[in-house]
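Colleague: Have a look at the structure that comes next, please.
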Amino acid sequence: MDDLRCIGCGATIQSQDQTKAGFVPAKVLENNTNEALVCRRCFRIKHYNELNDVELNDDDFLRLLHGIGDREALVVMVVDIFDFNGSWINGINRFVNGNPVLLVGNKVDVLPHSVKQSKLKHWMTKEARSMGLVPIDVALMSAGKGIGIDEVTDLIHEYRQGRNVYVIGCTNVGKSTFINALLKRFANETKDIITVSNYPGTTLDVIEIPFDETSAIIDTPGVINRDQMAHHVDRDALMLISPKKEIKSKTYQLNQQQTLFFGGLARFDYIEGGKNNFTTYVANEIHVHRTKLENADELFANHAGELLQPISHSRLVRHEFQLRANDKVDLVISGLGWISVFTTTKTKVAVHAPVGVSVFLREALI
């Protein structure tokens with residue numbers, strides 16, 4: 001049984017412990033006449049959109065990735081363009097060990113159509129370099145809608161040169177959907193054979209899928225970044241904060257001492273700087289509520305989970321930022337979105353976000 005693996009997530013098939021990866025009921029194994037097995041977890045994801053947690057910690061994910069640098073390969077690193085920094089794999093150079101990296105931004109369809117792809121690729125390259133990675137090329141796609149897949153496929157053909165292709169990325173960036181799309185082009189597959197889910201952590205082990213006589217596409221488990229909002233909300237809230245279509249930006253003209261609530265997940269305080277405009281980029285399903293700063297604490301205490309929803313299961317902590325005159329930056333709440341700020345004077349703002357969620361400034365994307 002040790003050599004049997006789930007074709008959905010790659011976990012070793014076992015029937016001893018249903019709380020662990022790869023569980024299949026003993027009766028299913030006894031009656032199995034086909035080596036292509038699907039574990040109970042993947043079966044329930046596919047048929048019921050229901051995820052059961054299994055015991056696999058962060059060290060397990062990182063251990064599985066370390067082997068990439070020991071082989072000659074083309075590495076395709078998939079990031080969520082809506083949460084670029086939050087879906088970045090820290091220390092990526094240690095994992096790839098000199099192998100070329102093709103950087104692919106997924107979910108490009110959720111960004112406003114006004115964003116030019118050439119500018120977006122340039123921005124991604126610059127951000128990657130600032131984090132220590134010089135990609136061999138940059139591509140954009142929407143794996144779910146099939147946008148840009150042909151371009152990525154052509155680049156893989158160009159750069160792989162007979163080597164295996166490792167697809168890496170953080171949880172929930174769309175890796176499995178991307179690989180399914182690749183297989184339909186490389187191997188003429190007509191069905192999705194990798195488990196696709198909205199939930200972080202679906203792929204539990206390395207999955208090697210031959211696509212010609214000498215090389216394979218290798219799907220790796222998603223690295224978990226605990227500073228993403230996805231790990232601080234329940235599953236219903238996760239579905240709301242993950243954009244499914246083009247986000248509609250909203251611009252708010254605020255006086256100082258005003259506050260914006262993003263449901264009950266985060267809060268933006270405009271403390272000082274005169275009247276100014278702030279543009280929000282979050283999923284369309286997230287309600288933004290404006291109030292006076294002096295009323296913000298009471299409003300949250302009395303209405304979190306009602307007027308202000310969804311909420312996080314972690315408490316909110318405050319982050320303060322001092323901006324210079326004429327700064328043009330994004331104030332990012334990892335996994336939730338960002339607030340675009342163009343200051344005309346010295347400005348003080350603060351963001352309240354769940355403890356552990358990354359909040360930071362970056363060069364403006366749009």
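All residue names refer to the structure tokens as shown: chains lettered A, B, ... in order, residues numbered from 1 in each chain, ligands numbered from 1 in order.
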For region 109-117 of chain A, find every residue with an atom within 7 Å (counting only C-alpha atoms), except residues of its own chain fewer than 3 positions away, and show them as a PDB file with N, CA and C atoms, in the first residue's frame.
Modeller:
ATOM      1  N   LEU A 120       2.512  46.058 -15.423  1.00  0.00           N
ATOM      2  CA  LEU A 120       2.380  45.081 -14.349  1.00  0.00           C
ATOM      3  C   LEU A 120       3.577  44.127 -14.331  1.00  0.00           C
ATOM      4  N   LYS A 121       4.011  43.677 -15.504  1.00  0.00           N
ATOM      5  CA  LYS A 121       5.176  42.800 -15.569  1.00  0.00           C
ATOM      6  C   LYS A 121       6.433  43.519 -15.068  1.00  0.00           C
ATOM      7  N   SER A 142      -4.725  34.001 -15.977  1.00  0.00           N
ATOM      8  CA  SER A 142      -5.826  33.626 -15.094  1.00  0.00           C
ATOM      9  C   SER A 142      -6.069  32.148 -15.354  1.00  0.00           C
ATOM     10  N   PRO A 243     -11.223  37.500  -4.423  1.00  0.00           N
ATOM     11  CA  PRO A 243     -11.978  38.026  -5.569  1.00  0.00           C
ATOM     12  C   PRO A 243     -12.177  36.959  -6.644  1.00  0.00           C
ATOM     13  N   LYS A 244     -13.392  36.906  -7.190  1.00  0.00           N
ATOM     14  CA  LYS A 244     -13.705  35.973  -8.270  1.00  0.00           C
ATOM     15  C   LYS A 244     -13.822  36.679  -9.616  1.00  0.00           C
ATOM     16  N   LYS A 245     -13.904  38.010  -9.594  1.00  0.00           N
ATOM     17  CA  LYS A 245     -14.012  38.781 -10.825  1.00  0.00           C
ATOM     18  C   LYS A 245     -13.333  40.120 -10.621  1.00  0.00           C
ATOM     19  N   GLU A 246     -13.311  40.934 -11.654  1.00  0.00           N
ATOM     20  CA  GLU A 246     -12.603  42.218 -11.600  1.00  0.00           C
ATOM     21  C   GLU A 246     -13.061  43.046 -10.395  1.00  0.00           C
ATOM     22  N   ILE A 247     -12.095  43.478  -9.601  1.00  0.00           N
ATOM     23  CA  ILE A 247     -12.431  44.292  -8.438  1.00  0.00           C
ATOM     24  C   ILE A 247     -12.741  45.722  -8.881  1.00  0.00           C
ATOM     25  N   LYS A 248     -13.716  46.299  -8.244  1.00  0.00           N
ATOM     26  CA  LYS A 248     -14.119  47.674  -8.537  1.00  0.00           C
ATOM     27  C   LYS A 248     -13.531  48.584  -7.458  1.00  0.00           C
ATOM     28  N   ILE A 366      -0.935  50.515  -9.068  1.00  0.00           N
ATOM     29  CA  ILE A 366      -1.807  51.123 -10.068  1.00  0.00           C
ATOM     30  C   ILE A 366      -1.638  52.634 -10.014  1.00  0.00           C
TER      31      ILE A 366
END
Colleague: Taking 6 positions as the minimum chain separation for residues in the same chain, which residues sit within 12 Å of Ile179 (chain A) when counting only C-alpha atoms? Answer as number ranges by chain.
Modeller: A: 8, 76-78, 143-144, 146, 149, 152-153, 165-169, 173, 185-187, 189, 191-196, 203, 207-209, 211, 216-220
Colleague: Generate the output file for the selected residues, C-alpha atoms, as a PDB file, in the first residue's frame.
Modeller:
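Dumped to out.pdb:
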ATOM      1  CA  GLY A   8      -5.531  14.356  -6.331  1.00  0.00           C
ATOM      2  CA  VAL A  76       7.702  27.976 -12.358  1.00  0.00           C
ATOM      3  CA  MET A  77       6.809  30.133  -9.379  1.00  0.00           C
ATOM      4  CA  VAL A  78       3.126  31.077  -9.259  1.00  0.00           C
ATOM      5  CA  ALA A 143      -5.657  29.864 -14.700  1.00  0.00           C
ATOM      6  CA  GLY A 144      -9.321  29.653 -13.760  1.00  0.00           C
ATOM      7  CA  GLY A 146      -7.752  30.204 -19.249  1.00  0.00           C
ATOM      8  CA  ILE A 149      -2.144  29.944 -20.448  1.00  0.00           C
ATOM      9  CA  VAL A 152       2.952  30.523 -20.198  1.00  0.00           C
ATOM     10  CA  THR A 153       2.989  27.188 -22.027  1.00  0.00           C
ATOM     11  CA  VAL A 165       9.308  21.579 -14.555  1.00  0.00           C
ATOM     12  CA  TYR A 166       8.660  22.226 -10.864  1.00  0.00           C
ATOM     13  CA  VAL A 167       5.594  24.330 -10.130  1.00  0.00           C
ATOM     14  CA  ILE A 168       5.836  26.046  -6.759  1.00  0.00           C
ATOM     15  CA  GLY A 169       3.790  28.624  -4.893  1.00  0.00           C
ATOM     16  CA  VAL A 173      -2.476  30.926  -5.491  1.00  0.00           C
ATOM     17  CA  ARG A 185      -2.088  21.415 -23.478  1.00  0.00           C
ATOM     18  CA  PHE A 186       0.993  19.237 -22.926  1.00  0.00           C
ATOM     19  CA  ALA A 187      -0.628  15.840 -22.531  1.00  0.00           C
ATOM     20  CA  GLU A 189      -5.751  15.603 -20.692  1.00  0.00           C
ATOM     21  CA  LYS A 191     -10.195  16.004 -17.053  1.00  0.00           C
ATOM     22  CA  ASP A 192      -8.728  17.828 -14.077  1.00  0.00           C
ATOM     23  CA  ILE A 193      -6.489  15.293 -12.313  1.00  0.00           C
ATOM     24  CA  ILE A 194      -5.087  17.546  -9.577  1.00  0.00           C
ATOM     25  CA  THR A 195      -7.422  18.459  -6.743  1.00  0.00           C
ATOM     26  CA  VAL A 196      -8.637  22.058  -7.097  1.00  0.00           C
ATOM     27  CA  THR A 203      -1.653  19.378  -2.296  1.00  0.00           C
ATOM     28  CA  ILE A 207       3.043  14.906  -7.571  1.00  0.00           C
ATOM     29  CA  GLU A 208       5.107  13.927 -10.618  1.00  0.00           C
ATOM     30  CA  ILE A 209       3.218  13.847 -13.931  1.00  0.00           C
ATOM     31  CA  PHE A 211       4.440  14.874 -20.095  1.00  0.00           C
ATOM     32  CA  ALA A 216       7.688  15.729 -16.076  1.00  0.00           C
ATOM     33  CA  ILE A 217       5.580  18.456 -14.539  1.00  0.00           C
ATOM     34  CA  ILE A 218       6.040  18.266 -10.784  1.00  0.00           C
ATOM     35  CA  ASP A 219       3.422  19.801  -8.519  1.00  0.00           C
ATOM     36  CA  THR A 220       4.668  20.730  -5.066  1.00  0.00           C
TER      37      THR A 220
END
Colleague: So that I can see what lies close to region 343-358 of chain A, please list as a ChimeraX atom specification the residues with an atom at most 10 Å from it, counting only C-alpha atoms and leaving out residues fewer than 4 positions away in the same chain.
Modeller: /A:85-86,225-233,256-257,259-262,264-278,311-329,331-336
Colleague: Quick one: write out the picked residues with C-alpha atoms as a short mmCIF file (atom, residue, chain, number, x, y, z; two decimals), in the first residue's frame?
Modeller:
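part_29.cif written:
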data_model
loop_
_atom_site.label_atom_id
_atom_site.label_comp_id
_atom_site.auth_asym_id
_atom_site.auth_seq_id
_atom_site.Cartn_x
_atom_site.Cartn_y
_atom_site.Cartn_z
CA ASN A 85 3.78 40.04 -1.47
CA GLY A 86 1.64 37.81 0.72
CA ASN A 225 2.44 32.05 4.72
CA ARG A 226 0.85 32.63 8.09
CA ASP A 227 0.79 36.41 7.56
CA GLN A 228 -2.00 36.12 4.97
CA MET A 229 -5.58 36.99 5.92
CA ALA A 230 -6.70 33.55 4.68
CA HIS A 231 -5.27 31.94 7.79
CA HIS A 232 -7.18 34.21 10.17
CA VAL A 233 -10.75 33.77 8.91
CA GLN A 256 -8.54 63.69 8.97
CA GLN A 257 -9.92 61.83 11.99
CA THR A 259 -12.06 55.76 9.66
CA LEU A 260 -12.86 53.11 7.07
CA PHE A 261 -13.86 49.61 8.20
CA PHE A 262 -13.41 46.65 5.83
CA GLY A 264 -14.94 43.48 10.61
CA LEU A 265 -11.61 42.28 9.24
CA ALA A 266 -9.57 45.47 9.20
CA ARG A 267 -9.75 49.20 9.83
CA PHE A 268 -8.02 52.22 8.28
CA ASP A 269 -7.62 55.41 10.35
CA TYR A 270 -6.81 58.70 8.64
CA ILE A 271 -5.24 60.57 11.53
CA GLU A 272 -3.82 63.77 10.08
CA GLY A 273 -2.94 65.41 6.75
CA GLY A 274 -5.92 67.49 5.66
CA LYS A 275 -8.59 66.43 3.18
CA ASN A 276 -7.34 63.66 0.88
CA ASN A 277 -8.48 60.86 -1.42
CA PHE A 278 -7.93 57.18 -0.66
CA ILE A 311 -14.80 39.05 11.08
CA SER A 312 -11.46 37.46 11.91
CA HIS A 313 -10.95 34.88 14.63
CA SER A 314 -7.82 36.84 15.66
CA ARG A 315 -7.82 40.14 17.54
CA LEU A 316 -6.95 43.32 15.64
CA VAL A 317 -3.64 45.10 16.27
CA ARG A 318 -2.65 48.64 15.25
CA HIS A 319 0.09 49.60 12.74
CA GLU A 320 0.95 53.30 12.31
CA PHE A 321 2.59 54.88 9.24
CA GLN A 322 4.08 58.32 8.61
CA LEU A 323 3.96 59.34 4.93
CA ARG A 324 5.90 62.14 3.28
CA ALA A 325 4.39 64.79 1.03
CA ASN A 326 3.86 63.55 -2.55
CA ASP A 327 4.23 59.88 -1.66
CA LYS A 328 2.38 57.52 -4.00
CA VAL A 329 2.15 54.19 -2.24
CA LEU A 331 -0.91 50.38 2.08
CA VAL A 332 -1.27 46.60 1.86
CA ILE A 333 -3.22 44.28 4.17
CA SER A 334 -1.94 40.88 3.11
CA GLY A 335 -4.66 38.75 1.59
CA LEU A 336 -7.40 41.39 1.92
#
Colleague: Write out as a list of chain:residue names which residues come within 12 Å of Asp330 (chain A) when counting only C-alpha atoms, dropping same-chain ones fewer than 6 positions away.
Modeller: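 Once the adjacent positions are removed, what remains is A:Asn85, A:Phe278, A:Thr279, A:Thr280, A:Tyr281, A:Phe321, A:Leu323, A:Gly337, A:Trp338, A:Ile339, A:Ser340, A:Val341, A:Phe342, A:Thr343, A:Val359, A:Phe360, A:Leu361, A:Arg362, A:Glu363, A:Ala364, A:Leu365, A:Ile366.
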Colleague: Just list the residues in region 62-249 of chain A DSSP gives alpha helix (DSSP H) on the backbone, as number ranges by chain.
Modeller: A: 62-66, 92-96, 117-130, 149-160, 175-186, 235-241
Colleague: For the selection you just gave me, I'd like the residues written to a file as a compact mmCIF listing (two decimals), in the first residue's frame, keeping C-alpha atoms.
Modeller:
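Below is the file again25.txt, written as the result:
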# COMPACT_ATOMS: atom_id res chain seq x y z
CA LEU A 62 9.37 23.25 3.45
CA ARG A 63 11.11 19.87 3.63
CA LEU A 64 9.38 18.80 0.43
CA LEU A 65 10.53 21.96 -1.36
CA HIS A 66 14.20 21.67 -0.39
CA ILE A 92 13.13 31.22 -2.73
CA ASN A 93 16.79 31.33 -3.81
CA ARG A 94 17.66 28.69 -1.21
CA PHE A 95 15.09 26.34 -2.70
CA VAL A 96 15.97 26.74 -6.38
CA GLN A 117 0.11 44.28 -18.59
CA SER A 118 3.48 45.69 -19.62
CA LYS A 119 3.51 47.95 -16.57
CA LEU A 120 2.38 45.08 -14.35
CA LYS A 121 5.18 42.80 -15.57
CA HIS A 122 7.72 45.57 -14.99
CA TRP A 123 6.36 46.10 -11.48
CA MET A 124 6.53 42.36 -10.73
CA THR A 125 10.13 42.17 -11.96
CA LYS A 126 11.13 45.11 -9.80
CA GLU A 127 9.40 43.69 -6.72
CA ALA A 128 10.99 40.27 -7.30
CA ARG A 129 14.45 41.80 -7.55
CA SER A 130 13.89 43.71 -4.33
CA ILE A 149 -2.14 29.94 -20.45
CA ASP A 150 -0.86 29.66 -24.02
CA GLU A 151 1.79 32.31 -23.35
CA VAL A 152 2.95 30.52 -20.20
CA THR A 153 2.99 27.19 -22.03
CA ASP A 154 5.14 28.67 -24.80
CA LEU A 155 7.59 30.08 -22.23
CA ILE A 156 7.84 26.70 -20.50
CA HIS A 157 8.58 25.05 -23.84
CA GLU A 158 11.24 27.69 -24.52
CA TYR A 159 13.02 27.53 -21.17
CA ARG A 160 12.72 23.95 -19.92
CA LYS A 175 -1.28 26.18 -8.70
CA SER A 176 -3.45 23.11 -9.15
CA THR A 177 -5.81 24.88 -11.54
CA PHE A 178 -2.76 26.06 -13.49
CA ILE A 179 -1.27 22.54 -13.71
CA ASN A 180 -4.57 21.10 -14.88
CA ALA A 181 -4.60 23.72 -17.64
CA LEU A 182 -0.99 22.87 -18.56
CA LEU A 183 -1.73 19.16 -18.76
CA LYS A 184 -4.59 19.75 -21.15
CA ARG A 185 -2.09 21.41 -23.48
CA PHE A 186 0.99 19.24 -22.93
CA ARG A 235 -14.11 29.29 5.34
CA ASP A 236 -17.16 31.43 4.62
CA ALA A 237 -15.11 34.61 5.06
CA LEU A 238 -12.33 33.18 2.89
CA MET A 239 -14.77 32.83 0.01
CA LEU A 240 -15.72 36.51 0.40
CA ILE A 241 -12.23 37.99 0.58
Colleague: Work out how far CA of Val206 (chain A) is from CA of Asn31 (chain A), in Å to one decimal.
Modeller: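 Value for the CA of Asn31 (chain A)-CA of Val206 (chain A) distance: 26.4 Å.
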Colleague: Considering only C-alpha atoms, can you say which of A:Thr171, A:Thr251, A:Asn198, A:Asn97 comes closest to Val282 (chain A)?
Modeller: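 Nearest to Val282 (chain A): A:Thr251.
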Colleague: Quick one, how far is CA of Thr202 (chain A) from CA of Cys9 (chain A)?
Modeller: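 Between these atoms lies a distance of 6.5 Å.
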